[in-house]
>>> print(open('start14.cif').read())   # mmCIF, C-alpha atoms
data_input
#
loop_
_atom_site.label_atom_id
_atom_site.label_comp_id
_atom_site.auth_asym_id
_atom_site.auth_seq_id
_atom_site.Cartn_x
_atom_site.Cartn_y
_atom_site.Cartn_z
CA MET A 16 0.84 14.13 26.76
CA HIS A 17 2.61 10.80 26.39
CA PHE A 18 0.99 7.39 25.85
CA SER A 19 2.50 6.30 29.15
CA GLN A 20 0.24 8.79 30.91
CA LEU A 21 -2.96 7.11 29.72
CA GLY A 22 -2.80 4.08 32.01
CA LEU A 23 -1.98 1.53 29.32
CA ALA A 24 -0.15 -1.71 30.14
CA PRO A 25 3.59 -2.03 29.39
CA GLU A 26 2.84 -4.69 26.76
CA ILE A 27 0.61 -2.26 24.85
CA LEU A 28 3.01 0.67 25.26
CA SER A 29 5.80 -1.52 23.89
CA ALA A 30 3.73 -2.34 20.80
CA VAL A 31 2.88 1.34 20.31
CA ALA A 32 6.54 2.32 20.65
CA ALA A 33 7.49 -0.36 18.11
CA GLN A 34 5.39 1.57 15.58
CA GLY A 35 7.39 4.72 16.41
CA TYR A 36 4.66 6.58 18.30
CA THR A 37 4.97 8.45 21.58
CA THR A 38 2.27 11.14 21.50
CA PRO A 39 -1.47 10.40 21.21
CA THR A 40 -3.66 12.38 18.82
CA PRO A 41 -6.43 14.54 20.32
CA ILE A 42 -9.13 11.90 19.81
CA GLN A 43 -6.91 9.24 21.39
CA GLY A 44 -6.10 11.46 24.36
CA GLN A 45 -9.80 12.08 24.97
CA ALA A 46 -11.28 8.67 24.15
CA ILE A 47 -8.81 6.26 25.76
CA PRO A 48 -9.39 7.36 29.40
CA VAL A 49 -13.18 7.26 28.89
CA VAL A 50 -13.11 3.74 27.47
CA LEU A 51 -10.77 2.58 30.25
CA SER A 52 -13.24 3.93 32.81
CA GLY A 53 -15.90 1.57 31.48
CA ARG A 54 -18.29 4.34 30.37
CA ASP A 55 -20.20 4.42 27.11
CA LEU A 56 -18.69 6.78 24.56
CA MET A 57 -20.05 8.88 21.70
CA ALA A 58 -17.13 10.21 19.66
CA CYS A 59 -17.10 12.51 16.66
CA ALA A 60 -13.90 11.97 14.70
CA GLN A 61 -13.04 12.65 11.09
CA THR A 62 -11.09 10.18 8.97
CA GLY A 63 -7.36 10.31 9.65
CA THR A 64 -7.55 11.51 13.27
CA GLY A 65 -6.34 8.25 14.80
CA LYS A 66 -9.76 7.13 16.03
CA THR A 67 -9.08 3.41 15.49
CA ALA A 68 -6.34 3.35 18.12
CA GLY A 69 -8.67 5.44 20.27
CA PHE A 70 -10.76 2.32 20.87
CA THR A 71 -8.44 -0.61 20.04
CA LEU A 72 -5.82 0.32 22.66
CA PRO A 73 -8.21 0.62 25.63
CA ILE A 74 -10.18 -2.47 24.56
CA LEU A 75 -6.96 -4.48 24.58
CA GLN A 76 -6.19 -3.05 28.02
CA LEU A 77 -9.63 -3.88 29.45
CA LEU A 78 -9.58 -7.45 28.19
CA ALA A 79 -5.98 -8.04 29.32
CA ASN A 80 -6.88 -6.82 32.81
CA LYS A 81 -9.36 -9.68 33.13
CA PRO A 82 -7.45 -12.78 32.02
CA ARG A 83 -9.61 -15.56 30.69
CA SER A 84 -9.42 -19.17 31.75
CA GLY A 85 -9.74 -21.87 29.13
CA ALA A 86 -10.54 -21.28 25.47
CA PRO A 87 -11.08 -17.72 24.19
CA ARG A 88 -14.65 -16.43 24.14
CA LEU A 89 -15.92 -13.49 22.18
CA ARG A 90 -15.69 -10.48 24.48
CA ALA A 91 -15.37 -7.50 22.12
CA LEU A 92 -17.30 -6.92 18.87
CA ILE A 93 -16.34 -4.15 16.44
CA LEU A 94 -18.76 -3.46 13.57
CA THR A 95 -17.56 -1.58 10.48
CA PRO A 96 -19.36 -0.65 7.25
CA THR A 97 -16.84 -2.01 4.70
CA ARG A 98 -14.54 -4.96 4.23
CA GLU A 99 -11.45 -2.79 3.78
CA LEU A 100 -12.07 -0.91 7.00
CA ALA A 101 -12.73 -4.16 8.87
CA ALA A 102 -9.42 -5.57 7.68
CA GLN A 103 -7.51 -2.45 8.72
CA VAL A 104 -9.13 -2.29 12.15
CA GLU A 105 -8.33 -5.95 12.83
CA GLU A 106 -4.76 -5.33 11.68
CA SER A 107 -4.59 -2.55 14.25
CA VAL A 108 -5.85 -4.95 16.95
CA ARG A 109 -3.18 -7.50 16.02
CA THR A 110 -0.42 -4.88 15.85
CA TYR A 111 -1.09 -3.37 19.27
CA GLY A 112 -2.05 -6.66 20.89
CA ALA A 113 1.08 -8.45 19.67
CA ASN A 114 2.39 -8.86 23.23
CA LEU A 115 -0.92 -9.97 24.74
CA PRO A 116 -2.51 -13.46 24.87
CA LEU A 117 -5.60 -12.27 22.98
CA LYS A 118 -6.96 -13.69 19.72
CA SER A 119 -8.70 -11.59 17.07
CA MET A 120 -10.20 -12.20 13.65
CA VAL A 121 -11.85 -10.27 10.84
CA MET A 122 -15.14 -11.34 9.28
CA PHE A 123 -16.78 -10.06 6.10
CA GLY A 124 -18.64 -11.28 3.05
CA GLY A 125 -17.30 -11.93 -0.42
CA VAL A 126 -15.07 -14.76 0.80
CA GLY A 127 -15.70 -18.34 1.93
CA ILE A 128 -17.54 -18.77 5.21
CA ASN A 129 -16.01 -22.12 6.22
CA PRO A 130 -12.56 -20.76 7.23
CA GLN A 131 -14.38 -18.21 9.39
CA ILE A 132 -16.40 -20.96 11.06
CA ALA A 133 -13.19 -22.87 11.78
CA ALA A 134 -11.56 -19.79 13.30
CA LEU A 135 -14.58 -19.16 15.51
CA ARG A 136 -14.45 -22.74 16.77
CA ARG A 137 -10.82 -22.25 17.81
CA GLY A 138 -11.89 -19.27 19.92
CA VAL A 139 -11.76 -15.50 19.46
CA ASP A 140 -11.50 -12.68 22.00
CA ILE A 141 -12.00 -9.73 19.62
CA LEU A 142 -14.06 -9.86 16.42
CA VAL A 143 -14.08 -7.17 13.72
CA ALA A 144 -16.99 -7.72 11.34
CA THR A 145 -19.32 -6.25 8.78
CA PRO A 146 -23.00 -6.57 9.77
CA GLY A 147 -24.19 -8.77 6.90
CA ARG A 148 -21.68 -11.59 7.32
CA LEU A 149 -22.03 -11.48 11.12
CA LEU A 150 -25.76 -12.07 10.78
CA ASP A 151 -25.08 -14.92 8.33
CA HIS A 152 -23.10 -16.63 11.09
CA ALA A 153 -25.76 -15.85 13.68
CA GLN A 154 -28.42 -17.41 11.44
CA GLN A 155 -26.30 -20.54 11.00
CA LYS A 156 -25.60 -20.59 14.75
CA THR A 157 -21.85 -20.65 14.15
CA ILE A 158 -21.18 -17.70 16.48
CA ASP A 159 -21.97 -17.08 20.14
CA LEU A 160 -22.52 -13.42 21.05
CA SER A 161 -23.71 -14.06 24.61
CA SER A 162 -20.41 -13.08 26.26
CA VAL A 163 -19.76 -9.78 24.44
CA GLU A 164 -18.66 -7.15 26.95
CA ILE A 165 -17.76 -4.29 24.59
CA LEU A 166 -19.49 -3.20 21.37
CA VAL A 167 -18.00 -0.70 18.92
CA LEU A 168 -19.89 0.88 16.02
CA ASP A 169 -17.17 2.36 13.82
CA GLU A 170 -18.13 4.93 11.18
CA ALA A 171 -21.74 4.67 12.29
CA ASP A 172 -22.77 7.45 9.92
CA ARG A 173 -21.62 5.45 6.90
CA MET A 174 -23.36 2.32 8.15
CA LEU A 175 -26.63 4.24 8.26
CA ASP A 176 -25.98 5.68 4.79
CA MET A 177 -25.44 2.14 3.48
CA GLY A 178 -28.76 0.94 4.84
CA PHE A 179 -27.39 -1.17 7.69
CA ILE A 180 -29.71 0.19 10.38
CA HIS A 181 -31.94 -2.90 10.39
CA ASP A 182 -28.91 -5.22 10.48
CA ILE A 183 -27.48 -3.22 13.38
CA ARG A 184 -30.71 -3.56 15.31
CA ARG A 185 -30.76 -7.31 14.68
CA VAL A 186 -27.20 -7.58 15.99
CA LEU A 187 -28.05 -5.53 19.09
CA ALA A 188 -30.91 -7.91 19.87
CA LEU A 189 -28.42 -10.79 20.03
CA LEU A 190 -26.05 -9.11 22.51
CA PRO A 191 -26.14 -9.11 26.32
CA LYS A 192 -28.04 -6.16 27.75
CA LYS A 193 -25.18 -5.27 30.06
CA ARG A 194 -22.18 -4.16 28.01
CA GLN A 195 -20.04 -1.12 27.21
CA ASN A 196 -20.96 0.68 23.98
CA LEU A 197 -18.66 2.88 21.89
CA LEU A 198 -20.02 4.81 18.90
CA PHE A 199 -17.70 6.59 16.47
CA SER A 200 -19.05 8.82 13.70
CA ALA A 201 -17.67 11.56 11.46
CA THR A 202 -20.88 13.58 11.94
CA PHE A 203 -23.60 13.71 14.56
CA SER A 204 -26.69 13.92 12.38
CA ASP A 205 -30.20 13.51 13.74
CA GLU A 206 -30.14 9.87 12.62
CA ILE A 207 -26.91 9.21 14.52
CA ARG A 208 -28.24 10.89 17.65
CA ALA A 209 -31.41 8.79 17.45
CA LEU A 210 -29.31 5.63 17.16
CA ALA A 211 -27.14 6.72 20.09
CA ALA A 212 -30.17 7.46 22.25
CA GLY A 213 -31.33 3.85 21.98
CA LEU A 214 -27.85 2.36 22.27
CA LEU A 215 -25.76 4.33 24.76
CA HIS A 216 -26.23 4.68 28.52
CA GLU A 217 -25.19 8.05 29.93
CA PRO A 218 -22.41 8.37 27.35
CA HIS A 219 -19.40 10.63 27.55
CA TYR A 220 -19.16 12.86 24.47
CA VAL A 221 -15.85 13.73 22.77
CA GLU A 222 -15.13 15.56 19.53
CA ALA A 223 -11.66 15.54 17.99
CA GLU A 224 -11.96 18.61 15.81
CA ARG A 225 -14.45 21.04 14.34
CA ARG A 226 -17.10 19.12 12.46
CA ASN A 227 -16.70 19.03 8.68
CA SER A 228 -13.40 20.94 8.77
CA ALA A 229 -11.20 20.31 5.73
CA ALA A 230 -7.56 19.40 6.15
CA GLU A 231 -5.52 22.59 6.49
CA LEU A 232 -2.59 21.16 4.54
CA VAL A 233 -4.73 20.33 1.49
CA ARG A 234 -4.63 22.75 -1.43
CA GLN A 235 -8.06 22.70 -3.09
CA THR A 236 -8.60 23.63 -6.73
CA VAL A 237 -11.60 23.50 -9.07
CA PHE A 238 -11.11 23.07 -12.82
CA PRO A 239 -14.27 24.08 -14.74
CA VAL A 240 -14.64 21.75 -17.73
CA ASP A 241 -17.35 20.39 -20.04
CA ARG A 242 -18.77 17.05 -18.92
CA GLU A 243 -17.61 15.22 -22.07
CA ARG A 244 -14.03 16.46 -21.68
CA LYS A 245 -13.41 15.46 -18.06
CA ARG A 246 -11.61 12.23 -18.92
CA ASP A 247 -9.25 13.95 -21.36
CA LEU A 248 -8.51 16.71 -18.83
CA LEU A 249 -7.73 14.18 -16.13
CA VAL A 250 -5.23 12.41 -18.41
CA GLU A 251 -3.73 15.81 -19.30
CA LEU A 252 -3.33 16.83 -15.64
CA ILE A 253 -1.75 13.51 -14.65
CA ARG A 254 0.75 13.68 -17.51
CA THR A 255 1.50 17.41 -17.37
CA HIS A 256 2.11 17.50 -13.62
CA GLN A 257 3.57 13.96 -13.49
CA TRP A 258 1.39 13.03 -10.53
CA PRO A 259 2.90 9.83 -9.06
CA GLN A 260 -0.09 8.52 -7.11
CA VAL A 261 -3.69 9.65 -7.59
CA LEU A 262 -6.92 8.60 -5.86
CA VAL A 263 -9.88 9.49 -8.10
CA PHE A 264 -13.49 9.59 -6.92
CA THR A 265 -16.57 8.89 -9.02
CA ARG A 266 -20.21 8.72 -7.95
CA THR A 267 -20.97 5.32 -9.42
CA LYS A 268 -19.53 1.85 -9.87
CA TRP A 269 -19.98 1.78 -13.63
CA GLY A 270 -18.45 5.27 -13.85
CA ALA A 271 -15.40 4.04 -11.93
CA ASN A 272 -14.98 1.11 -14.33
CA ALA A 273 -15.36 3.31 -17.42
CA LEU A 274 -12.84 5.85 -16.18
CA ALA A 275 -10.28 3.18 -15.23
CA GLU A 276 -10.58 1.71 -18.73
CA LYS A 277 -10.10 5.16 -20.29
CA LEU A 278 -6.94 5.74 -18.26
CA GLN A 279 -5.60 2.30 -19.19
CA LYS A 280 -6.13 3.04 -22.88
CA ALA A 281 -4.18 6.26 -22.38
CA GLY A 282 -1.24 4.24 -21.05
CA ILE A 283 -1.82 5.02 -17.37
CA GLU A 284 -1.80 2.12 -14.91
CA ALA A 285 -5.25 2.32 -13.31
CA ASP A 286 -7.86 0.13 -11.66
CA ALA A 287 -11.27 0.61 -10.05
CA ILE A 288 -12.41 -0.38 -6.57
CA HIS A 289 -16.10 -0.62 -5.64
CA GLY A 290 -18.70 -2.88 -4.08
CA ASN A 291 -19.26 -5.04 -7.17
CA LYS A 292 -15.62 -6.11 -7.27
CA SER A 293 -14.67 -9.38 -5.59
CA GLN A 294 -12.80 -9.10 -2.33
CA ASN A 295 -9.65 -10.51 -3.95
CA ALA A 296 -9.84 -7.94 -6.75
CA ARG A 297 -10.33 -5.09 -4.28
CA THR A 298 -7.45 -6.26 -2.09
CA ARG A 299 -5.18 -6.67 -5.13
CA ALA A 300 -5.99 -3.19 -6.48
CA LEU A 301 -5.50 -1.52 -3.10
CA SER A 302 -2.21 -3.35 -2.53
CA GLY A 303 -0.94 -2.33 -5.96
CA PHE A 304 -1.88 1.28 -5.34
CA LYS A 305 -0.21 1.38 -1.93
CA ASP A 306 3.10 -0.08 -3.14
CA GLY A 307 3.24 2.09 -6.26
CA ARG A 308 2.60 -0.54 -8.94
CA LEU A 309 -0.75 1.09 -9.69
CA HIS A 310 -0.62 4.75 -10.75
CA VAL A 311 -4.30 5.64 -10.33
CA LEU A 312 -7.02 4.10 -8.17
CA VAL A 313 -10.60 5.03 -9.11
CA ALA A 314 -13.04 4.56 -6.23
CA THR A 315 -16.60 5.16 -5.12
CA ASP A 316 -17.20 6.80 -1.74
CA ILE A 317 -18.27 3.61 -0.01
CA ALA A 318 -15.34 1.52 -1.27
CA ALA A 319 -12.88 4.27 -0.31
CA ARG A 320 -13.89 4.29 3.36
CA GLY A 321 -11.24 1.67 4.11
CA ILE A 322 -8.44 3.35 2.16
CA ASP A 323 -5.76 4.83 4.40
CA ILE A 324 -2.46 5.74 2.73
CA ASP A 325 0.32 7.77 4.27
CA GLU A 326 1.54 10.78 2.29
CA LEU A 327 -0.98 10.36 -0.54
CA PRO A 328 -0.22 13.46 -2.65
CA HIS A 329 -3.29 13.83 -4.89
CA VAL A 330 -7.04 13.31 -4.68
CA VAL A 331 -9.25 14.07 -7.68
CA ASN A 332 -13.01 14.54 -7.60
CA PHE A 333 -13.80 13.39 -11.13
CA GLU A 334 -17.41 13.96 -10.11
CA LEU A 335 -18.54 15.96 -7.11
CA PRO A 336 -20.44 14.00 -4.44
CA ASN A 337 -24.16 14.59 -4.01
CA VAL A 338 -23.68 15.06 -0.26
CA ALA A 339 -21.39 17.97 0.59
CA GLU A 340 -19.94 16.30 3.70
CA ASP A 341 -18.57 13.48 1.52
CA TYR A 342 -16.31 16.04 -0.17
CA VAL A 343 -14.60 16.60 3.18
CA HIS A 344 -14.10 12.86 3.64
CA ARG A 345 -12.68 12.54 0.13
CA ILE A 346 -10.09 15.28 0.37
CA GLY A 347 -9.20 14.09 3.88
CA ARG A 348 -7.44 11.15 2.22
CA THR A 349 -4.53 13.50 1.47
CA GLY A 350 -2.72 16.09 3.61
CA ARG A 351 -2.18 13.66 6.50
CA ALA A 352 0.48 13.26 9.16
CA GLY A 353 1.93 16.68 8.43
CA SER A 354 2.37 16.04 4.70
CA PRO A 355 0.92 18.49 2.16
CA GLY A 356 -1.68 17.30 -0.31
CA GLU A 357 -3.67 18.51 -3.28
CA ALA A 358 -7.38 18.01 -3.99
CA VAL A 359 -8.56 18.74 -7.53
CA SER A 360 -12.21 18.82 -8.61
CA LEU A 361 -13.32 18.61 -12.24
CA VAL A 362 -16.62 20.49 -12.30
CA CYS A 363 -19.03 20.71 -15.23
CA VAL A 364 -22.10 22.90 -15.58
CA ASP A 365 -24.32 20.16 -14.12
CA GLU A 366 -22.49 20.35 -10.80
CA HIS A 367 -22.58 24.06 -10.01
CA LYS A 368 -25.19 23.62 -7.28
CA LEU A 369 -23.18 20.78 -5.71
CA LEU A 370 -20.13 23.04 -5.70
CA ARG A 371 -22.07 25.84 -4.01
CA ASP A 372 -23.23 23.37 -1.32
CA ILE A 373 -19.62 22.32 -0.69
CA GLU A 374 -18.38 25.91 -0.48
CA ARG A 375 -21.21 26.77 1.89
CA LEU A 376 -20.19 23.85 4.11
CA LEU A 377 -16.53 24.91 4.05
CA GLY A 378 -17.44 28.54 4.67
CA ARG A 379 -15.32 29.76 1.77
CA SER A 380 -14.96 29.59 -2.00
CA ILE A 381 -12.53 27.18 -3.66
CA GLU A 382 -9.92 28.49 -6.10
CA LYS A 383 -10.96 28.15 -9.76
CA GLN A 384 -8.50 27.51 -12.60
CA VAL A 385 -9.26 27.05 -16.29
CA HIS A 386 -6.79 24.68 -17.92
CA PRO A 387 -5.66 25.99 -21.34
CA GLY A 388 -7.47 24.19 -24.13
CA TYR A 389 -10.26 23.01 -21.83
CA GLU A 390 -12.29 26.19 -21.46
CA PRO A 391 -15.97 25.35 -20.79
CA ASP A 392 -18.45 26.02 -23.57
CA PRO A 393 -20.82 28.71 -22.18
CA HIS A 394 -23.62 27.48 -24.47
CA ILE A 395 -23.88 24.03 -22.86
CA ARG A 396 -26.93 23.81 -20.62
CA PRO A 397 -27.00 21.87 -17.34
CA GLU A 398 -28.60 18.43 -17.33
CA PRO A 399 -29.93 16.31 -14.43
CA ILE A 400 -27.16 14.19 -12.96
CA GLN A 401 -27.87 10.54 -13.73
CA MET A 402 -26.42 8.04 -11.33
CA ARG A 403 -26.90 4.57 -9.95
CA SER A 404 -27.21 3.91 -6.26
CA ASN A 405 -23.98 2.67 -4.70
CA ALA A 406 -25.68 1.78 -1.44
CA PRO A 407 -27.31 -1.56 -0.73
CA ARG A 408 -30.95 -1.57 0.15
CA SER A 409 -32.10 -1.85 3.77
CA GLY A 410 -30.34 -4.69 5.47
CA GLY A 411 -27.15 -4.21 3.50
CA ARG A 412 -28.15 -6.42 0.57
CA ALA A 413 -27.34 -4.97 -2.82
CA GLY A 414 -30.29 -4.47 -5.12
CA SER A 415 -30.39 -3.96 -8.87
CA PRO A 416 -29.07 -0.49 -9.60
CA LYS A 417 -31.43 1.82 -11.39
CA PRO A 418 -30.57 5.20 -12.91
CA ARG A 419 -32.07 8.08 -11.04
CA ALA A 420 -31.76 11.82 -10.94
CA ALA A 421 -29.52 13.16 -8.19
CA GLN A 422 -31.34 14.72 -5.28
CA PRO A 423 -30.26 17.95 -3.61
CA ALA A 424 -27.47 17.47 -1.11
CA ALA A 425 -28.88 16.66 2.32
CA ARG A 426 -27.45 18.04 5.51
CA GLY A 427 -26.32 15.80 8.31
CA LYS A 428 -25.27 12.81 6.16
CA PRO A 429 -21.80 12.57 5.38
CA PRO A 430 -10.82 4.21 8.15
CA SER A 431 -4.60 2.36 8.48
CA ARG A 432 -1.13 1.63 8.79
CA PRO A 433 1.81 4.01 9.15
CA ALA A 434 4.30 3.76 6.31
CA ALA A 435 8.02 3.64 6.85
CA GLY A 436 9.44 7.11 7.22
CA ALA A 437 6.10 8.74 8.00
CA PRO A 438 6.04 11.45 10.67
CA ARG A 439 5.37 9.93 14.09
CA SER A 440 3.80 12.69 16.12
CA GLY A 441 0.55 10.96 16.98
CA MET A 442 -1.08 7.91 15.46
CA ARG A 443 -2.97 9.65 12.69
CA HIS A 444 -3.82 6.59 10.72
CA ARG A 445 -5.04 4.19 13.37
#
>>> encode(input="start14.cif", output="structure tokens")
Amino acid sequence: MHFSQLGLAPEILSAVAAQGYTTPTPIQGQAIPVVLSGRDLMACAQTGTGKTAGFTLPILQLLANKPRSGAPRLRALILTPTRELAAQVEESVRTYGANLPLKSMVMFGGVGINPQIAALRRGVDILVATPGRLLDHAQQKTIDLSSVEILVLDEADRMLDMGFIHDIRRVLALLPKKRQNLLFSATFSDEIRALAAGLLHEPHYVEAERRNSAAELVRQTVFPVDRERKRDLLVELIRTHQWPQVLVFTRTKWGANALAEKLQKAGIEADAIHGNKSQNARTRALSGFKDGRLHVLVATDIAARGIDIDELPHVVNFELPNVAEDYVHRIGRTGRAGSPGEAVSLVCVDEHKLLRDIERLLGRSIEKQVHPGYEPDPHIRPEPIQMRSNAPRSGGRAGSPKPRAAQPAARGKPPSRPAAGAPRSGMRHR
């Protein structure tokens, strides 16, 4: 299939071709015709499948087919769980709408609200926003949602995990009853299906690939190691194998900070990215990591949802996630667009149950390797995993983190720009 077969306007096809793409990914090939038909859509798509273009391209087409008269009015609203993802989605809108007379903007917290108010006054056709800041504008009556024709909930599963359900419901109450709704989620848990039941009208269902499948091009390895020696082993692996670019996952914000400081003291350029960082600090760290100035980026699961990097060679699970599905999302950051990748997990005795949950989800065991000099002490007993909540409380407002013991992994709970020279068979990162 070619993009020209999907019924997209020449202006959009030209913008797609300018990015070097000719063939849609499976999710794009399925979703674009449904959105163009005006139907509601429920789409299951893993990270890196090209889902963003699966809704941005047809939205641009639908709006361009009905030219506006006068100043722009808000006609399409795209909600995302994180600032980074919002910025990347809006970049996608601008990239593919470059030849169209449509205005877009991105809106999130952590930055001044006045420039956003000024942009809204000038008029916007397409808005990409996080729920909290959108509701701030609604409360101040600086935004008009009465003309929204298309609503997109992107990464709906993560928005529920982050406690945004009440914010989402408040937003829905402000929108016109008659509109097209598009819901994208990496998993279809009971919570997601309940949300969809109250949101979507006779939706068309599409699924890009087998749920919770791990990237086939990713080599997965587990290194058993004592909990107190993980940091030293990570430094050893980075130096020994001369890894050029490494995305490292921790469970907590303070753990990410501590690990980044450890790596810096070892002479490795590293920084942490998480919800407590200012937006400028997060943008600066991500930019440095993408262009190679930063060797290692340490991230929490929530902060990493907006990270999309072509040909990222290495992902390290410094700590295994409490929810097995998040492991799949983590390692899906590498092995993209036909490029091989490697996912390494440093597993201590405390995490054996989490590892079993992950292997059960994958349907196979992961290769184990003991690094010489880092053999686990068989006499060390497992301890409860202490962590601090990374998720804001209900409504998306961050509360004071309190240590708590990790709970057993729960079932059913689980965002890009192509780099120069990247393979161009399908828009994997949009």
>>> closest_residue(input="start14.cif", among="A:Leu214, A:Ile288, A:Ala113, A:Ile346", to="Ser302 of chain A", atoms="all atoms listed in the file")
A:Ile288
>>> atom_distance(input="start14.cif", atom1="atom CA of Thr40 of chain A", atom2="atom CA of Thr64 of chain A")
6.8 Å
>>> residues_around(input="start14.cif", residues="segment 122-136 of chain A", least_positions_apart="2", cutoff="9 Å", atoms="all atoms listed in the file", output="JSON list (two decimals) with C-alpha atoms, in the coordinates of the input")
[["chain", "number", "residue", "atom", "x", "y", "z"],
["A", 89, "LEU", "CA", -15.92, -13.49, 22.18],
["A", 97, "THR", "CA", -16.84, -2.01, 4.70],
["A", 98, "ARG", "CA", -14.54, -4.96, 4.23],
["A", 101, "ALA", "CA", -12.73, -4.16, 8.87],
["A", 102, "ALA", "CA", -9.42, -5.57, 7.68],
["A", 120, "MET", "CA", -10.20, -12.20, 13.65],
["A", 138, "GLY", "CA", -11.89, -19.27, 19.92],
["A", 139, "VAL", "CA", -11.76, -15.50, 19.46],
["A", 142, "LEU", "CA", -14.06, -9.86, 16.42],
["A", 143, "VAL", "CA", -14.08, -7.17, 13.72],
["A", 144, "ALA", "CA", -16.99, -7.72, 11.34],
["A", 145, "THR", "CA", -19.32, -6.25, 8.78],
["A", 146, "PRO", "CA", -23.00, -6.57, 9.77],
["A", 147, "GLY", "CA", -24.19, -8.77, 6.90],
["A", 148, "ARG", "CA", -21.68, -11.59, 7.32],
["A", 149, "LEU", "CA", -22.03, -11.48, 11.12],
["A", 152, "HIS", "CA", -23.10, -16.63, 11.09],
["A", 157, "THR", "CA", -21.85, -20.65, 14.15],
["A", 158, "ILE", "CA", -21.18, -17.70, 16.48],
["A", 159, "ASP", "CA", -21.97, -17.08, 20.14],
["A", 293, "SER", "CA", -14.67, -9.38, -5.59],
["A", 294, "GLN", "CA", -12.80, -9.10, -2.33],
["A", 295, "ASN", "CA", -9.65, -10.51, -3.95]]
>>> closest_residue(input="start14.cif", among="A:Tyr111, A:Phe333, A:Phe70, A:Phe304", to="Ala358 of chain A", atoms="all atoms listed in the file")
A:Phe333
>>> resolve_selection(input="start14.cif", expression="the PyMOL selection byres ((chain A and resi 305-314) around 7)", output="list in words")
Pro259, Gln260, Val261, Leu262, Val263, Phe264, Thr265, Ala271, Ala275, Ile283, Glu284, Ala285, Asp286, Ala287, Ile288, His289, Leu301, Ser302, Gly303, Phe304, Thr315, Asp316, Ala318, Ala319 and Ile324 of chain A
>>> closest_residue(input="start14.cif", among="A:Thr67, A:Gln103, A:Thr267, A:Gln45", to="Tyr220 of chain A", atoms="only C-alpha atoms")
A:Gln45
>>> closest_residue(input="start14.cif", among="A:Glu170, A:Asp55, A:Glu26, A:Asp241", to="Ile317 of chain A", atoms="all atoms listed in the file")
A:Glu170
>>> residues_near_point(input="start14.cif", point="(-23.5, 9.7, 13.6)", cutoff="12 Å", atoms="all atoms listed in the file", output="VMD selection string")
chain A and resid 57 to 61 168 to 176 180 197 to 212 222 226 427 to 429
>>> atom_distance(input="start14.cif", atom1="atom CA of Leu377 of chain A", atom2="atom CA of Ser360 of chain A")
14.7 Å
